[in-house]
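These notes are about the structure you will find just below.
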Amino acid sequence: MSEGVQIRVTDAEVLEALSAARRVAENPAAIMAAIAPYLVFSTQRHIEREQGPDGAWPRLSPRTARRRKAGYAHMLRVTGRLYASITGDSGADYALAGSNLEYARIHQFGGTIDMPERQQAIYQNYDARRDRFDARFRAKTKSNFARDVTIGAHKVTIPARPYLYIDETDRAEIPRIAADVIRREAGLP
């Protein structure tokens with residue numbers, strides 16, 4: 001080398017830190033293991049915000065909202081099953097979040113369900129003095145009359161309400177998680 005100044009790193013701690021950082025970068029399983037729980041958290045946040053990658057989810061139909069105690073609020077969270085079913089997994093080269101519930105897919109992508117014909121009991125009130133039925137349906141406990149009816153085959157269309165996606169916040173946070181793991185594994189502050 002021509003005239004100048006050189007610095008040579010021979011410090012064992014520095015070399016070990018660089019070696020550890022390289023090992024994590026070459027085998028990112030530790031990074032993926034740290035990203036997976038974040039993806040679970042992020043997915044649950046999407047459900048709480050009722051927002052997909054393109055904005056707010058489509059509103060519930062008025063009929064569906066009337067049948068729910070929560071009305072239009074808390075889409076995909078009334079029972080909490082979907083929200084609680086979000087789990088993460090990771091491996092040497094992947095991190096993921098998802099649900100194993102049968103109906104998780106139709107909420108993510110939307111679709112049409114073919115409902116077969118079925119028999120069902122309906123509950124109403126009967127006024128014996130006037131010999132009339134109140135046409136409104138009642139809860140079983142608030143009814144004095146029940147009858148079986150046939151509900152014909154029909155289709156139910158459910159709009160997509162995507163909750164599994166990566167947004168701008170996630171795109172900023174995931175590299176920070178990776179950097180934190182590399183620093184931790186390399187023993188850096």
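Each chain in the structure tokens gets a letter, A, B and so on, in the order shown; residues start at 1 in every chain, and ligands are counted from 1 in the order they appear.
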Please run DSSP on the backbone and report, as a PDB file with N, CA and C atoms, in the first residue's frame, all residues within stretch 12-166 of chain A that come out as helix (DSSP H, G or I).
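Contents of selection.pdb, as written:
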ATOM      1  N   ALA A  12     -10.602  -9.342  19.422  1.00  0.00           N
ATOM      2  CA  ALA A  12     -11.362 -10.595  19.389  1.00  0.00           C
ATOM      3  C   ALA A  12     -12.859 -10.349  19.574  1.00  0.00           C
ATOM      4  N   GLU A  13     -13.243  -9.404  20.432  1.00  0.00           N
ATOM      5  CA  GLU A  13     -14.663  -9.128  20.670  1.00  0.00           C
ATOM      6  C   GLU A  13     -15.322  -8.553  19.414  1.00  0.00           C
ATOM      7  N   VAL A  14     -14.650  -7.652  18.748  1.00  0.00           N
ATOM      8  CA  VAL A  14     -15.194  -7.052  17.528  1.00  0.00           C
ATOM      9  C   VAL A  14     -15.319  -8.122  16.444  1.00  0.00           C
ATOM     10  N   LEU A  15     -14.296  -8.944  16.295  1.00  0.00           N
ATOM     11  CA  LEU A  15     -14.348  -9.997  15.281  1.00  0.00           C
ATOM     12  C   LEU A  15     -15.466 -11.003  15.575  1.00  0.00           C
ATOM     13  N   GLU A  16     -15.661 -11.331  16.850  1.00  0.00           N
ATOM     14  CA  GLU A  16     -16.735 -12.261  17.224  1.00  0.00           C
ATOM     15  C   GLU A  16     -18.099 -11.636  16.941  1.00  0.00           C
ATOM     16  N   ALA A  17     -18.253 -10.345  17.227  1.00  0.00           N
ATOM     17  CA  ALA A  17     -19.528  -9.667  16.942  1.00  0.00           C
ATOM     18  C   ALA A  17     -19.818  -9.672  15.449  1.00  0.00           C
ATOM     19  N   LEU A  18     -18.824  -9.399  14.637  1.00  0.00           N
ATOM     20  CA  LEU A  18     -19.013  -9.430  13.190  1.00  0.00           C
ATOM     21  C   LEU A  18     -19.349 -10.832  12.701  1.00  0.00           C
ATOM     22  N   SER A  19     -18.689 -11.809  13.284  1.00  0.00           N
ATOM     23  CA  SER A  19     -18.944 -13.199  12.920  1.00  0.00           C
ATOM     24  C   SER A  19     -20.369 -13.602  13.308  1.00  0.00           C
ATOM     25  N   ALA A  20     -20.817 -13.194  14.498  1.00  0.00           N
ATOM     26  CA  ALA A  20     -22.181 -13.512  14.946  1.00  0.00           C
ATOM     27  C   ALA A  20     -23.209 -12.848  14.049  1.00  0.00           C
ATOM     28  N   ALA A  21     -22.961 -11.585  13.685  1.00  0.00           N
ATOM     29  CA  ALA A  21     -23.885 -10.877  12.796  1.00  0.00           C
ATOM     30  C   ALA A  21     -23.971 -11.582  11.442  1.00  0.00           C
ATOM     31  N   ARG A  22     -22.847 -12.034  10.939  1.00  0.00           N
ATOM     32  CA  ARG A  22     -22.831 -12.743   9.662  1.00  0.00           C
ATOM     33  C   ARG A  22     -23.603 -14.062   9.763  1.00  0.00           C
ATOM     34  N   ARG A  23     -23.447 -14.798  10.893  1.00  0.00           N
ATOM     35  CA  ARG A  23     -24.162 -16.062  11.072  1.00  0.00           C
ATOM     36  C   ARG A  23     -25.680 -15.839  11.059  1.00  0.00           C
ATOM     37  N   VAL A  24     -26.134 -14.792  11.734  1.00  0.00           N
ATOM     38  CA  VAL A  24     -27.577 -14.507  11.767  1.00  0.00           C
ATOM     39  C   VAL A  24     -28.070 -14.118  10.379  1.00  0.00           C
ATOM     40  N   ALA A  25     -27.292 -13.325   9.663  1.00  0.00           N
ATOM     41  CA  ALA A  25     -27.688 -12.910   8.316  1.00  0.00           C
ATOM     42  C   ALA A  25     -27.740 -14.105   7.359  1.00  0.00           C
ATOM     43  N   GLU A  26     -26.828 -15.057   7.524  1.00  0.00           N
ATOM     44  CA  GLU A  26     -26.795 -16.225   6.655  1.00  0.00           C
ATOM     45  C   GLU A  26     -27.868 -17.255   7.016  1.00  0.00           C
ATOM     46  N   ALA A  29     -33.159 -17.648  10.878  1.00  0.00           N
ATOM     47  CA  ALA A  29     -34.234 -18.254  11.668  1.00  0.00           C
ATOM     48  C   ALA A  29     -34.556 -17.431  12.908  1.00  0.00           C
ATOM     49  N   ALA A  30     -33.547 -16.873  13.577  1.00  0.00           N
ATOM     50  CA  ALA A  30     -33.804 -16.055  14.770  1.00  0.00           C
ATOM     51  C   ALA A  30     -34.562 -14.776  14.401  1.00  0.00           C
ATOM     52  N   ILE A  31     -34.240 -14.217  13.256  1.00  0.00           N
ATOM     53  CA  ILE A  31     -34.958 -13.022  12.791  1.00  0.00           C
ATOM     54  C   ILE A  31     -36.410 -13.385  12.504  1.00  0.00           C
ATOM     55  N   MET A  32     -36.630 -14.475  11.809  1.00  0.00           N
ATOM     56  CA  MET A  32     -37.995 -14.895  11.472  1.00  0.00           C
ATOM     57  C   MET A  32     -38.801 -15.218  12.725  1.00  0.00           C
ATOM     58  N   ALA A  33     -38.144 -15.818  13.721  1.00  0.00           N
ATOM     59  CA  ALA A  33     -38.828 -16.132  14.979  1.00  0.00           C
ATOM     60  C   ALA A  33     -39.261 -14.864  15.707  1.00  0.00           C
ATOM     61  N   ALA A  34     -38.552 -13.780  15.523  1.00  0.00           N
ATOM     62  CA  ALA A  34     -38.935 -12.502  16.139  1.00  0.00           C
ATOM     63  C   ALA A  34     -40.009 -11.785  15.319  1.00  0.00           C
ATOM     64  N   ILE A  35     -40.035 -11.984  14.013  1.00  0.00           N
ATOM     65  CA  ILE A  35     -41.015 -11.319  13.153  1.00  0.00           C
ATOM     66  C   ILE A  35     -42.397 -11.960  13.287  1.00  0.00           C
ATOM     67  N   ALA A  36     -42.479 -13.270  13.447  1.00  0.00           N
ATOM     68  CA  ALA A  36     -43.772 -13.973  13.485  1.00  0.00           C
ATOM     69  C   ALA A  36     -44.721 -13.417  14.551  1.00  0.00           C
ATOM     70  N   PRO A  37     -44.296 -13.224  15.804  1.00  0.00           N
ATOM     71  CA  PRO A  37     -45.230 -12.656  16.794  1.00  0.00           C
ATOM     72  C   PRO A  37     -45.675 -11.235  16.427  1.00  0.00           C
ATOM     73  N   TYR A  38     -44.784 -10.490  15.810  1.00  0.00           N
ATOM     74  CA  TYR A  38     -45.172  -9.155  15.363  1.00  0.00           C
ATOM     75  C   TYR A  38     -46.270  -9.244  14.303  1.00  0.00           C
ATOM     76  N   LEU A  39     -46.177 -10.205  13.386  1.00  0.00           N
ATOM     77  CA  LEU A  39     -47.203 -10.371  12.360  1.00  0.00           C
ATOM     78  C   LEU A  39     -48.556 -10.717  12.978  1.00  0.00           C
ATOM     79  N   VAL A  40     -48.547 -11.514  14.048  1.00  0.00           N
ATOM     80  CA  VAL A  40     -49.792 -11.833  14.763  1.00  0.00           C
ATOM     81  C   VAL A  40     -50.388 -10.549  15.335  1.00  0.00           C
ATOM     82  N   PHE A  41     -49.569  -9.765  16.030  1.00  0.00           N
ATOM     83  CA  PHE A  41     -50.011  -8.498  16.599  1.00  0.00           C
ATOM     84  C   PHE A  41     -50.560  -7.574  15.505  1.00  0.00           C
ATOM     85  N   SER A  42     -49.848  -7.457  14.412  1.00  0.00           N
ATOM     86  CA  SER A  42     -50.241  -6.578  13.317  1.00  0.00           C
ATOM     87  C   SER A  42     -51.568  -7.025  12.710  1.00  0.00           C
ATOM     88  N   THR A  43     -51.745  -8.318  12.515  1.00  0.00           N
ATOM     89  CA  THR A  43     -52.990  -8.841  11.956  1.00  0.00           C
ATOM     90  C   THR A  43     -54.160  -8.546  12.891  1.00  0.00           C
ATOM     91  N   GLN A  44     -53.968  -8.739  14.187  1.00  0.00           N
ATOM     92  CA  GLN A  44     -55.024  -8.423  15.144  1.00  0.00           C
ATOM     93  C   GLN A  44     -55.335  -6.927  15.134  1.00  0.00           C
ATOM     94  N   ARG A  45     -54.324  -6.100  14.938  1.00  0.00           N
ATOM     95  CA  ARG A  45     -54.532  -4.645  14.838  1.00  0.00           C
ATOM     96  C   ARG A  45     -55.386  -4.330  13.610  1.00  0.00           C
ATOM     97  N   HIS A  46     -55.157  -5.023  12.501  1.00  0.00           N
ATOM     98  CA  HIS A  46     -55.970  -4.802  11.303  1.00  0.00           C
ATOM     99  C   HIS A  46     -57.436  -5.135  11.587  1.00  0.00           C
ATOM    100  N   ILE A  47     -57.675  -6.224  12.313  1.00  0.00           N
ATOM    101  CA  ILE A  47     -59.046  -6.615  12.659  1.00  0.00           C
ATOM    102  C   ILE A  47     -59.667  -5.564  13.567  1.00  0.00           C
ATOM    103  N   GLU A  48     -58.928  -5.086  14.555  1.00  0.00           N
ATOM    104  CA  GLU A  48     -59.453  -4.069  15.469  1.00  0.00           C
ATOM    105  C   GLU A  48     -59.822  -2.789  14.721  1.00  0.00           C
ATOM    106  N   ARG A  49     -59.007  -2.415  13.762  1.00  0.00           N
ATOM    107  CA  ARG A  49     -59.248  -1.177  13.002  1.00  0.00           C
ATOM    108  C   ARG A  49     -60.259  -1.355  11.884  1.00  0.00           C
ATOM    109  N   PRO A  62     -77.512  -4.199   6.501  1.00  0.00           N
ATOM    110  CA  PRO A  62     -78.436  -3.814   7.579  1.00  0.00           C
ATOM    111  C   PRO A  62     -79.071  -5.035   8.252  1.00  0.00           C
ATOM    112  N   ARG A  63     -79.365  -6.062   7.468  1.00  0.00           N
ATOM    113  CA  ARG A  63     -79.965  -7.272   8.043  1.00  0.00           C
ATOM    114  C   ARG A  63     -79.008  -7.934   9.038  1.00  0.00           C
ATOM    115  N   THR A  64     -77.738  -8.047   8.648  1.00  0.00           N
ATOM    116  CA  THR A  64     -76.756  -8.649   9.552  1.00  0.00           C
ATOM    117  C   THR A  64     -76.573  -7.792  10.791  1.00  0.00           C
ATOM    118  N   ALA A  65     -76.492  -6.486  10.618  1.00  0.00           N
ATOM    119  CA  ALA A  65     -76.304  -5.580  11.758  1.00  0.00           C
ATOM    120  C   ALA A  65     -77.466  -5.687  12.740  1.00  0.00           C
ATOM    121  N   ARG A  66     -78.688  -5.827  12.239  1.00  0.00           N
ATOM    122  CA  ARG A  66     -79.860  -5.946  13.130  1.00  0.00           C
ATOM    123  C   ARG A  66     -79.803  -7.221  13.962  1.00  0.00           C
ATOM    124  N   ARG A  67     -79.224  -8.288  13.405  1.00  0.00           N
ATOM    125  CA  ARG A  67     -79.178  -9.573  14.105  1.00  0.00           C
ATOM    126  C   ARG A  67     -78.091  -9.631  15.166  1.00  0.00           C
ATOM    127  N   ARG A  81     -63.549 -15.474  18.135  1.00  0.00           N
ATOM    128  CA  ARG A  81     -62.880 -16.704  17.688  1.00  0.00           C
ATOM    129  C   ARG A  81     -61.837 -16.438  16.613  1.00  0.00           C
ATOM    130  N   LEU A  82     -62.194 -15.656  15.584  1.00  0.00           N
ATOM    131  CA  LEU A  82     -61.243 -15.386  14.514  1.00  0.00           C
ATOM    132  C   LEU A  82     -60.040 -14.615  15.064  1.00  0.00           C
ATOM    133  N   TYR A  83     -60.311 -13.592  15.831  1.00  0.00           N
ATOM    134  CA  TYR A  83     -59.255 -12.759  16.424  1.00  0.00           C
ATOM    135  C   TYR A  83     -58.294 -13.618  17.250  1.00  0.00           C
ATOM    136  N   ALA A  84     -58.849 -14.475  18.091  1.00  0.00           N
ATOM    137  CA  ALA A  84     -58.024 -15.324  18.954  1.00  0.00           C
ATOM    138  C   ALA A  84     -57.330 -16.444  18.194  1.00  0.00           C
ATOM    139  N   SER A  85     -57.840 -16.782  17.007  1.00  0.00           N
ATOM    140  CA  SER A  85     -57.250 -17.894  16.255  1.00  0.00           C
ATOM    141  C   SER A  85     -56.013 -17.475  15.459  1.00  0.00           C
ATOM    142  N   ALA A 104     -62.230 -18.415   8.012  1.00  0.00           N
ATOM    143  CA  ALA A 104     -61.240 -17.336   7.905  1.00  0.00           C
ATOM    144  C   ALA A 104     -61.019 -16.940   6.449  1.00  0.00           C
ATOM    145  N   ARG A 105     -60.988 -17.901   5.567  1.00  0.00           N
ATOM    146  CA  ARG A 105     -60.715 -17.642   4.142  1.00  0.00           C
ATOM    147  C   ARG A 105     -61.781 -16.759   3.504  1.00  0.00           C
ATOM    148  N   ILE A 106     -63.060 -17.048   3.773  1.00  0.00           N
ATOM    149  CA  ILE A 106     -64.110 -16.274   3.111  1.00  0.00           C
ATOM    150  C   ILE A 106     -64.112 -14.831   3.602  1.00  0.00           C
ATOM    151  N   HIS A 107     -63.727 -14.593   4.845  1.00  0.00           N
ATOM    152  CA  HIS A 107     -63.644 -13.213   5.323  1.00  0.00           C
ATOM    153  C   HIS A 107     -62.460 -12.487   4.689  1.00  0.00           C
ATOM    154  N   GLN A 108     -61.380 -13.184   4.457  1.00  0.00           N
ATOM    155  CA  GLN A 108     -60.200 -12.579   3.836  1.00  0.00           C
ATOM    156  C   GLN A 108     -60.464 -12.233   2.365  1.00  0.00           C
ATOM    157  N   PHE A 109     -61.045 -13.166   1.624  1.00  0.00           N
ATOM    158  CA  PHE A 109     -61.188 -13.020   0.173  1.00  0.00           C
ATOM    159  C   PHE A 109     -62.610 -12.728  -0.296  1.00  0.00           C
ATOM    160  N   LYS A 140     -86.887 -17.158  21.704  1.00  0.00           N
ATOM    161  CA  LYS A 140     -87.640 -18.295  22.218  1.00  0.00           C
ATOM    162  C   LYS A 140     -88.216 -17.999  23.604  1.00  0.00           C
ATOM    163  N   THR A 141     -87.427 -17.336  24.428  1.00  0.00           N
ATOM    164  CA  THR A 141     -87.869 -17.057  25.805  1.00  0.00           C
ATOM    165  C   THR A 141     -88.951 -15.980  25.867  1.00  0.00           C
ATOM    166  N   LYS A 142     -89.137 -15.207  24.798  1.00  0.00           N
ATOM    167  CA  LYS A 142     -90.132 -14.128  24.792  1.00  0.00           C
ATOM    168  C   LYS A 142     -91.293 -14.445  23.853  1.00  0.00           C
TER     169      LYS A 142
END
Just want the 8 Å neighbourhood of A:Asn144, counted on only C-alpha atoms, with same-chain residues fewer than 5 positions away dropped. Output as an mmCIF file with C-alpha atoms, in the first residue's frame.
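Saved result, around-v8.cif, follows:
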data_model
loop_
_atom_site.group_PDB
_atom_site.id
_atom_site.type_symbol
_atom_site.label_atom_id
_atom_site.label_comp_id
_atom_site.auth_asym_id
_atom_site.auth_seq_id
_atom_site.Cartn_x
_atom_site.Cartn_y
_atom_site.Cartn_z
ATOM 1 C CA TYR A 123 -90.914 -17.993 17.506
ATOM 2 C CA GLN A 124 -93.754 -15.492 17.556
ATOM 3 C CA ASN A 125 -96.518 -14.271 19.825
ATOM 4 C CA TYR A 126 -100.125 -15.329 19.457
#
Inset, instruction - Could you find all residues in chain A that DSSP calls strand (DSSP E) from the backbone, and write them as a PyMOL selection string? - result: chain A and resi 51-52+55-56+87-90+95-98+111-115+118-127+132-134+145-151+154-158
Legend entry - For A:Ala146, the nearest of the candidates A:Ala121, A:Glu173, A:Gly4, A:Tyr165, counting only C-alpha atoms: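 Closest candidate: A:Ala121.
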Legend entry - Straight-line distance linking atom CA of A:Val149 with atom CA of A:Ile122, stated in Å to one decimal: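 These two atoms are separated by 7.1 Å.
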Inset, instruction - Show which residues sit within 10 Å of A:Ala56, as a PyMOL selection string. Count only C-alpha atoms, and ignore same-chain residues fewer than 4 positions away. - result: chain A and resi 49-52+161-162
Please dump the current selection as a PDB file, in the first residue's frame; keep N, CA and C atoms.
ATOM      1  N   ARG A  49     -59.007  -2.415  13.762  1.00  0.00           N
ATOM      2  CA  ARG A  49     -59.248  -1.177  13.002  1.00  0.00           C
ATOM      3  C   ARG A  49     -60.259  -1.355  11.884  1.00  0.00           C
ATOM      4  N   GLU A  50     -60.644  -2.603  11.604  1.00  0.00           N
ATOM      5  CA  GLU A  50     -61.606  -2.916  10.553  1.00  0.00           C
ATOM      6  C   GLU A  50     -61.179  -2.268   9.235  1.00  0.00           C
ATOM      7  N   GLN A  51     -59.913  -2.503   8.912  1.00  0.00           N
ATOM      8  CA  GLN A  51     -59.336  -1.865   7.745  1.00  0.00           C
ATOM      9  C   GLN A  51     -58.481  -2.855   6.970  1.00  0.00           C
ATOM     10  N   GLY A  52     -58.612  -2.806   5.657  1.00  0.00           N
ATOM     11  CA  GLY A  52     -57.799  -3.617   4.762  1.00  0.00           C
ATOM     12  C   GLY A  52     -56.735  -2.763   4.108  1.00  0.00           C
ATOM     13  N   ARG A 161     -63.077  -8.842   3.495  1.00  0.00           N
ATOM     14  CA  ARG A 161     -62.628  -7.968   4.568  1.00  0.00           C
ATOM     15  C   ARG A 161     -61.207  -8.422   4.933  1.00  0.00           C
ATOM     16  N   PRO A 162     -60.239  -8.069   4.076  1.00  0.00           N
ATOM     17  CA  PRO A 162     -58.874  -8.579   4.274  1.00  0.00           C
ATOM     18  C   PRO A 162     -58.248  -8.075   5.565  1.00  0.00           C
TER      19      PRO A 162
END
Inset, instruction - Considering only C-alpha atoms, return as a PyMOL selection string whatever protein or nucleic-acid residues lie within 9 Å of A:Val78, sequence-local ones (same chain, fewer than 5 positions apart) excluded. - result: chain A and resi 68-70+73
Legend entry - Shell of 9 Å around A:Met115, only C-alpha atoms, local chain residues under 6 positions omitted, as a PyMOL selection string: chain A and resi 152-156
